[in-house]
2 protein chains.
Amino acid sequence: MPTPSPASYSKQFPIRHVAQVTGVLPVTLRAWERRYGLIKPERTPKGHRLYSEEDIQTVHQIVRLIDQGISVGRVRQALSSTDKQADTTSDWPAFRKQLMRLLSELNAFQALAVLRRAGELYPLHALLGELIRPVLLQLQDSEASGRWACRSILMQAVHLYMDQRSAGLEVNTRARPILMSRCLASGDDLQARVFESIAREAGVDVRWTGPAPSPLAFVELLQVSGAVGGLLWEDAEPVEHWEAQLRQLKGASPVPFAVAGDFSLRHATHLQSMLVPMLAQDALVAIQTLRTWQ
Amino acid sequence: MPTPSPASYSKQFPIRHVAQVTGVLPVTLRAWERRYGLIKPERTPKGHRLYSEEDIQTVHQIVRLIDQGISVGRVRQALSSTDKQADTTSDWPAFRKQLMRLLSELNAFQALAVLRRAGELYPLHALLGELIRPVLLQLQDSEASGRWACRSILMQAVHLYMDQRSAGLEVNTRARPILMSRCLASGDDLQARVFESIAREAGVDVRWTGPAPSPLAFVELLQVSGAVGGLLWEDAEPVEHWEAQLRQLKGASPVPFAVAGDFSLRHATHLQSMLVPMLAQDALVAIQTLRTWQ
DNA sequence: TAGCGTCTGTATAGTAATTGTACAACTATT
DNA sequence: AATAGTTGTACAATTACTATACAGACGCTA
């Protein structure tokens with residue numbers, strides 16, 4: 001049964017807001033309510049709908065189930081089965097705290113459970129922005145002796161979660177995927193892999209190739225594999241000569257390519273002056289660009 | 001026998017989704033049902049088919065049998081005896097060849113399927129010795145331009161497979177696990193992670209912490225986390241001063257520890273003369289040693 | 001080797017269910 | 001007054017259903 005946090009009583013939202021947040025049009029929200037009775041928001045005295053935060057989470061769940069291939073009419077049953085597990089906390093600060101604790105205990109499996117719980121309620125890009133990235137930052141600031149291990153455990157858990165999510169996905173093995181890699185030696189693949197998952201769930205066939213030994217090696221791979229595009233995701237600080245390498249890549253790439261990740265955000269102006277294409281910070285917007293390549 | 005998650009019983013999918021996932025056209029699915037009665041999905045009140053996740057698994061099996069040359073009409077018997085009967089492609093050379101091909105196509109998901117098929121027939125340590133390690137070696141020798149990507153895809157697939165295997169496992173969150181790490185900067189975690197899985201399946205609570213910044217950091221973590229033992233798994237070539245580092249570790253470790261991996265095999269005599277404990281090459285024997293720590 | 005039946009995937013046709021959205025008419029909110 | 005929300009009906013695009021038909025592949029016989 002729902003155990004609303006105090007905040008969820010105080011905050012109620014009109015249908016417009018729910019539509020904005022979830023991407024489901026108001027018409028459709030009303031239709032779902034009328035036809036399937038999935039969400040029954042409160043009403044103002046005059047009959048206007050007032051959605052609670054829980055209602056919004058439910059809508060997110062519904063969207064996710066539909067993405068998994070379940071038809072709206074059948075969502076009800078699927079929804080009731082996930083309800084049982086929703087007995088624990090459900091807001092981001094609580095998730096973050098819980099996750100941090102489990103990481104410090106080096107408990108990858110329980111950490112995975114937290115990710116899964118959060119992932120049932122919110123979309124993947126929210127998970128990245130509200131849970132994974134903040135906890136990563138918190139770990140960077142932390143002075144605890146084992147924070148390298150915590151970070152590693154988090155990465156394990158995230159990979160586990162991504163893999164399990166994409167396992168239930170409709171796999172249309174397109175012949176010509178978009179390849180994604182990174183060239184800087186330091187840094188990790190975590191955010192890149194999450195982006196890969198988001199893209200796959202959005203129907204864009206992005207494949208992570210692992211770290212490339214050099215930009216040139218990546219270009220070679222683009223040619224050999226017949227990909228429709230290349231994406232360099234860099235989070236680390238750049239090394240020397242990175243401009244020259246990128247210029248080389250820009251000249252040699254047989255297909256459209258772009259740069260993304262924290263690195264590209266930090267050096268946005270510089271990259272732009274080099275006329276190197278960059279992806280937007282927002283995952284969903286970035287995916288729109290990738291879609292044009294396919 | 002791994003059972004599906006509780007939620008899966010209530011998830012029901014329309015025929016379109018099944019077609020997408022399995023690659024079998026809806027027409028054909030209906031024909032199979034009508035002619036051979038292989039799968040009998042539920043129906044909505046209005047007659048639309050509702051496939052369970054088990055049904056989808058069955059379709060996958062059928063596709064596999066057809067790929068192996070069994071005609072649809074004969075699939076029925078083959079399905080019932082699928083557990084006892086060995087696969088037609090059940091020899092290691094065939095697995096290796098198939099895996100290499102899929103890796104060169106950067107197809108992590110199909111590569112995962114090969115691992116799963118091999119894993120149904122043979123124990124995990126055989127997979128490591130007969131499939132994963134040989135293919136890794138083959139990739140090292142290969143001169144193909146994209147072999148770094150193949151290697152990375154293989155690692156993805158192996159991790160995916162390990163994760164799925166351990167997902168079906170009983171999670172006994174022992175309070176005092178054995179921590180496993182590596183300190184050499186180069187090298188990868190693949191074999192270490194496979195060993196971790198083998199150990200977990202054997203009931204020993206080994207946890208991979210990710211690469212440690214230094215042996216000392218690992219010792220610190222051993223103390224803080226209250227582990228019962230430490231294991232350094234190194235596959236890469238050693239760097240300078242590694243003897244000094246190991247000696248330091250040996251002096252500072254509050255709990256039993258040992259070294260394992262290709263590195264330890266190459267430098268066995270040297271390590272023995274330093275009185276640094278080493279794990280046997282054979283995974284099952286090594287696990288016997290770990291068991292005494294707990 | 002030609003001929004014949006069978007197996008099996010797909011094509012077609014006509015009907016029905018599902019589901020997102022559009023519109024009209026009215027009411028609330030700002 | 002302008003914007004946004006409500007209900008109910010309606011429409012169009014998918015998607016799915018049944019049933020029949022057909023073509024290529026395969027094996028068997030003469």
# chains A, B, ... in the order shown; residues from 1 in each chain; ligands from 1

call {"tool": "closest_atom_pairs", "arguments": {"of": "chain D", "to": "chain A", "cutoff": "9 Å", "atoms": "only C-alpha atoms (C1' of nucleotides)", "output": "tab-separated table"}}
result
residue	atom	partner	partner_atom	distance
D:DA4	C1'	A:Arg16	CA	8.6
D:DG5	C1'	A:His48	CA	6.1
D:DT6	C1'	A:Gly47	CA	7.2

call {"tool": "interface_residues", "arguments": {"of": "chain A", "to": "chain C", "cutoff": "10 Å", "atoms": "only C-alpha atoms (C1' of nucleotides)", "output": "mmCIF file with N, CA and C atoms, in the first residue's frame"}}
result
data_model
loop_
_atom_site.group_PDB
_atom_site.id
_atom_site.type_symbol
_atom_site.label_atom_id
_atom_site.label_comp_id
_atom_site.auth_asym_id
_atom_site.auth_seq_id
_atom_site.Cartn_x
_atom_site.Cartn_y
_atom_site.Cartn_z
ATOM 1 N N LEU A 25 0.128 13.097 -23.322
ATOM 2 C CA LEU A 25 -0.776 14.217 -23.521
ATOM 3 C C LEU A 25 -1.963 14.168 -22.562
ATOM 4 N N VAL A 27 -5.066 14.666 -23.066
ATOM 5 C CA VAL A 27 -6.163 13.868 -23.629
ATOM 6 C C VAL A 27 -5.981 12.400 -23.291
ATOM 7 N N THR A 28 -4.758 11.950 -23.483
ATOM 8 C CA THR A 28 -4.473 10.534 -23.269
ATOM 9 C C THR A 28 -4.584 10.169 -21.796
ATOM 10 N N ALA A 31 -8.109 9.755 -21.129
ATOM 11 C CA ALA A 31 -8.609 8.529 -21.746
ATOM 12 C C ALA A 31 -8.214 7.303 -20.915
ATOM 13 N N TRP A 32 -6.976 7.297 -20.441
ATOM 14 C CA TRP A 32 -6.524 6.177 -19.616
ATOM 15 C C TRP A 32 -7.387 6.049 -18.366
ATOM 16 N N LYS A 46 -14.543 21.899 -8.062
ATOM 17 C CA LYS A 46 -15.187 22.118 -9.344
ATOM 18 C C LYS A 46 -14.846 21.028 -10.371
ATOM 19 N N GLY A 47 -14.049 20.041 -9.936
ATOM 20 C CA GLY A 47 -13.852 18.889 -10.814
ATOM 21 C C GLY A 47 -12.525 18.829 -11.534
ATOM 22 N N HIS A 48 -11.661 19.806 -11.353
ATOM 23 C CA HIS A 48 -10.346 19.727 -12.001
ATOM 24 C C HIS A 48 -9.478 18.670 -11.322
ATOM 25 N N SER A 71 0.574 -3.881 -23.762
ATOM 26 C CA SER A 71 -0.433 -2.941 -24.260
ATOM 27 C C SER A 71 -1.160 -2.293 -23.088
ATOM 28 N N VAL A 72 -1.620 -1.070 -23.324
ATOM 29 C CA VAL A 72 -2.208 -0.270 -22.244
ATOM 30 C C VAL A 72 -3.299 -1.023 -21.526
ATOM 31 N N GLY A 73 -4.090 -1.727 -22.275
ATOM 32 C CA GLY A 73 -5.212 -2.436 -21.695
ATOM 33 C C GLY A 73 -4.777 -3.500 -20.698
#

call {"tool": "select_by_dssp", "arguments": {"residues": "stretch 172-246 of chain B", "states": "helix (DSSP H, G or I)", "output": "compact mmCIF listing (two decimals) with N, CA and C atoms, in the first residue's frame"}}
result
# COMPACT_ATOMS: atom_id res chain seq x y z
N LEU B 190 38.23 -9.36 -16.44
CA LEU B 190 37.38 -10.41 -16.96
C LEU B 190 37.53 -11.74 -16.22
N GLN B 191 38.73 -12.24 -16.18
CA GLN B 191 38.93 -13.55 -15.55
C GLN B 191 38.65 -13.48 -14.06
N ALA B 192 38.98 -12.35 -13.47
CA ALA B 192 38.71 -12.18 -12.06
C ALA B 192 37.21 -12.29 -11.79
N ARG B 193 36.43 -11.64 -12.65
CA ARG B 193 34.98 -11.65 -12.45
C ARG B 193 34.39 -13.04 -12.66
N VAL B 194 34.94 -13.78 -13.61
CA VAL B 194 34.45 -15.14 -13.81
C VAL B 194 34.76 -15.97 -12.57
N PHE B 195 35.94 -15.79 -12.05
CA PHE B 195 36.29 -16.52 -10.82
C PHE B 195 35.34 -16.15 -9.69
N GLU B 196 35.04 -14.88 -9.59
CA GLU B 196 34.10 -14.43 -8.56
C GLU B 196 32.78 -15.19 -8.68
N SER B 197 32.29 -15.31 -9.91
CA SER B 197 31.03 -16.01 -10.12
C SER B 197 31.13 -17.48 -9.73
N ILE B 198 32.22 -18.10 -10.15
CA ILE B 198 32.39 -19.51 -9.81
C ILE B 198 32.37 -19.68 -8.30
N ALA B 199 33.07 -18.79 -7.62
CA ALA B 199 33.14 -18.88 -6.16
C ALA B 199 31.77 -18.67 -5.53
N ARG B 200 31.04 -17.69 -6.01
CA ARG B 200 29.72 -17.41 -5.45
C ARG B 200 28.80 -18.60 -5.64
N GLU B 201 28.89 -19.20 -6.82
CA GLU B 201 28.03 -20.36 -7.06
C GLU B 201 28.43 -21.52 -6.18
N PRO B 215 48.11 -1.28 -3.30
CA PRO B 215 47.94 -2.39 -2.35
C PRO B 215 47.57 -1.88 -0.96
N LEU B 216 48.13 -0.74 -0.60
CA LEU B 216 47.84 -0.21 0.73
C LEU B 216 46.37 0.16 0.87
N ALA B 217 45.83 0.75 -0.19
CA ALA B 217 44.41 1.12 -0.17
C ALA B 217 43.56 -0.13 0.01
N PHE B 218 43.99 -1.21 -0.60
CA PHE B 218 43.24 -2.46 -0.48
C PHE B 218 43.29 -2.97 0.96
N VAL B 219 44.46 -2.89 1.56
CA VAL B 219 44.58 -3.32 2.95
C VAL B 219 43.69 -2.48 3.86
N GLU B 220 43.70 -1.19 3.61
CA GLU B 220 42.83 -0.30 4.38
C GLU B 220 41.38 -0.74 4.29
N LEU B 221 40.99 -1.05 3.07
CA LEU B 221 39.60 -1.46 2.85
C LEU B 221 39.30 -2.76 3.58
N LEU B 222 40.27 -3.65 3.59
CA LEU B 222 40.09 -4.93 4.30
C LEU B 222 39.80 -4.67 5.78
N GLN B 223 40.52 -3.74 6.33
CA GLN B 223 40.31 -3.42 7.74
C GLN B 223 38.94 -2.80 7.97
N VAL B 224 38.65 -1.76 7.19
CA VAL B 224 37.43 -0.98 7.39
C VAL B 224 36.18 -1.84 7.20
N SER B 225 36.20 -2.67 6.20
CA SER B 225 34.98 -3.39 5.84
C SER B 225 34.79 -4.66 6.67
N TRP B 242 56.96 -3.94 -7.74
CA TRP B 242 55.80 -4.71 -7.28
C TRP B 242 56.16 -5.62 -6.10
N GLU B 243 57.42 -6.04 -6.06
CA GLU B 243 57.80 -6.89 -4.93
C GLU B 243 57.69 -6.11 -3.62
N ALA B 244 58.18 -4.90 -3.65
CA ALA B 244 58.13 -4.09 -2.44
C ALA B 244 56.68 -3.88 -2.01
N GLN B 245 55.82 -3.59 -3.00
CA GLN B 245 54.41 -3.35 -2.68
C GLN B 245 53.78 -4.58 -2.05
N LEU B 246 54.09 -5.73 -2.64
CA LEU B 246 53.50 -6.96 -2.12
C LEU B 246 53.99 -7.26 -0.71

call {"tool": "interface_residues", "arguments": {"of": "chain A", "to": "chain B", "cutoff": "9 Å", "atoms": "only C-alpha atoms", "output": "VMD selection string"}}
result
chain A and resid 68 to 71 74 to 75 77 to 82 104 to 109 145 to 146 148 to 153 156 159 to 160 163 to 164 167 to 173 207 to 213 217 to 218 220 to 221 224 to 225

call {"tool": "select_by_dssp", "arguments": {"residues": "stretch 113-235 of chain B", "states": "strand (DSSP E)", "output": "MDAnalysis selection string"}}
result
chainID B and resid 178:182 206:211 229:233

call {"tool": "atom_distance", "arguments": {"atom1": "atom CA of B:Gly229", "atom2": "atom CA of B:Pro256"}}
result
5.0 Å

call {"tool": "atom_distance", "arguments": {"atom1": "atom CA of B:Glu42", "atom2": "atom CA of B:Ile56"}}
result
12.6 Å

call {"tool": "atom_distance", "arguments": {"atom1": "atom CA of A:Ala118", "atom2": "atom CA of A:Asp55"}}
result
14.9 Å
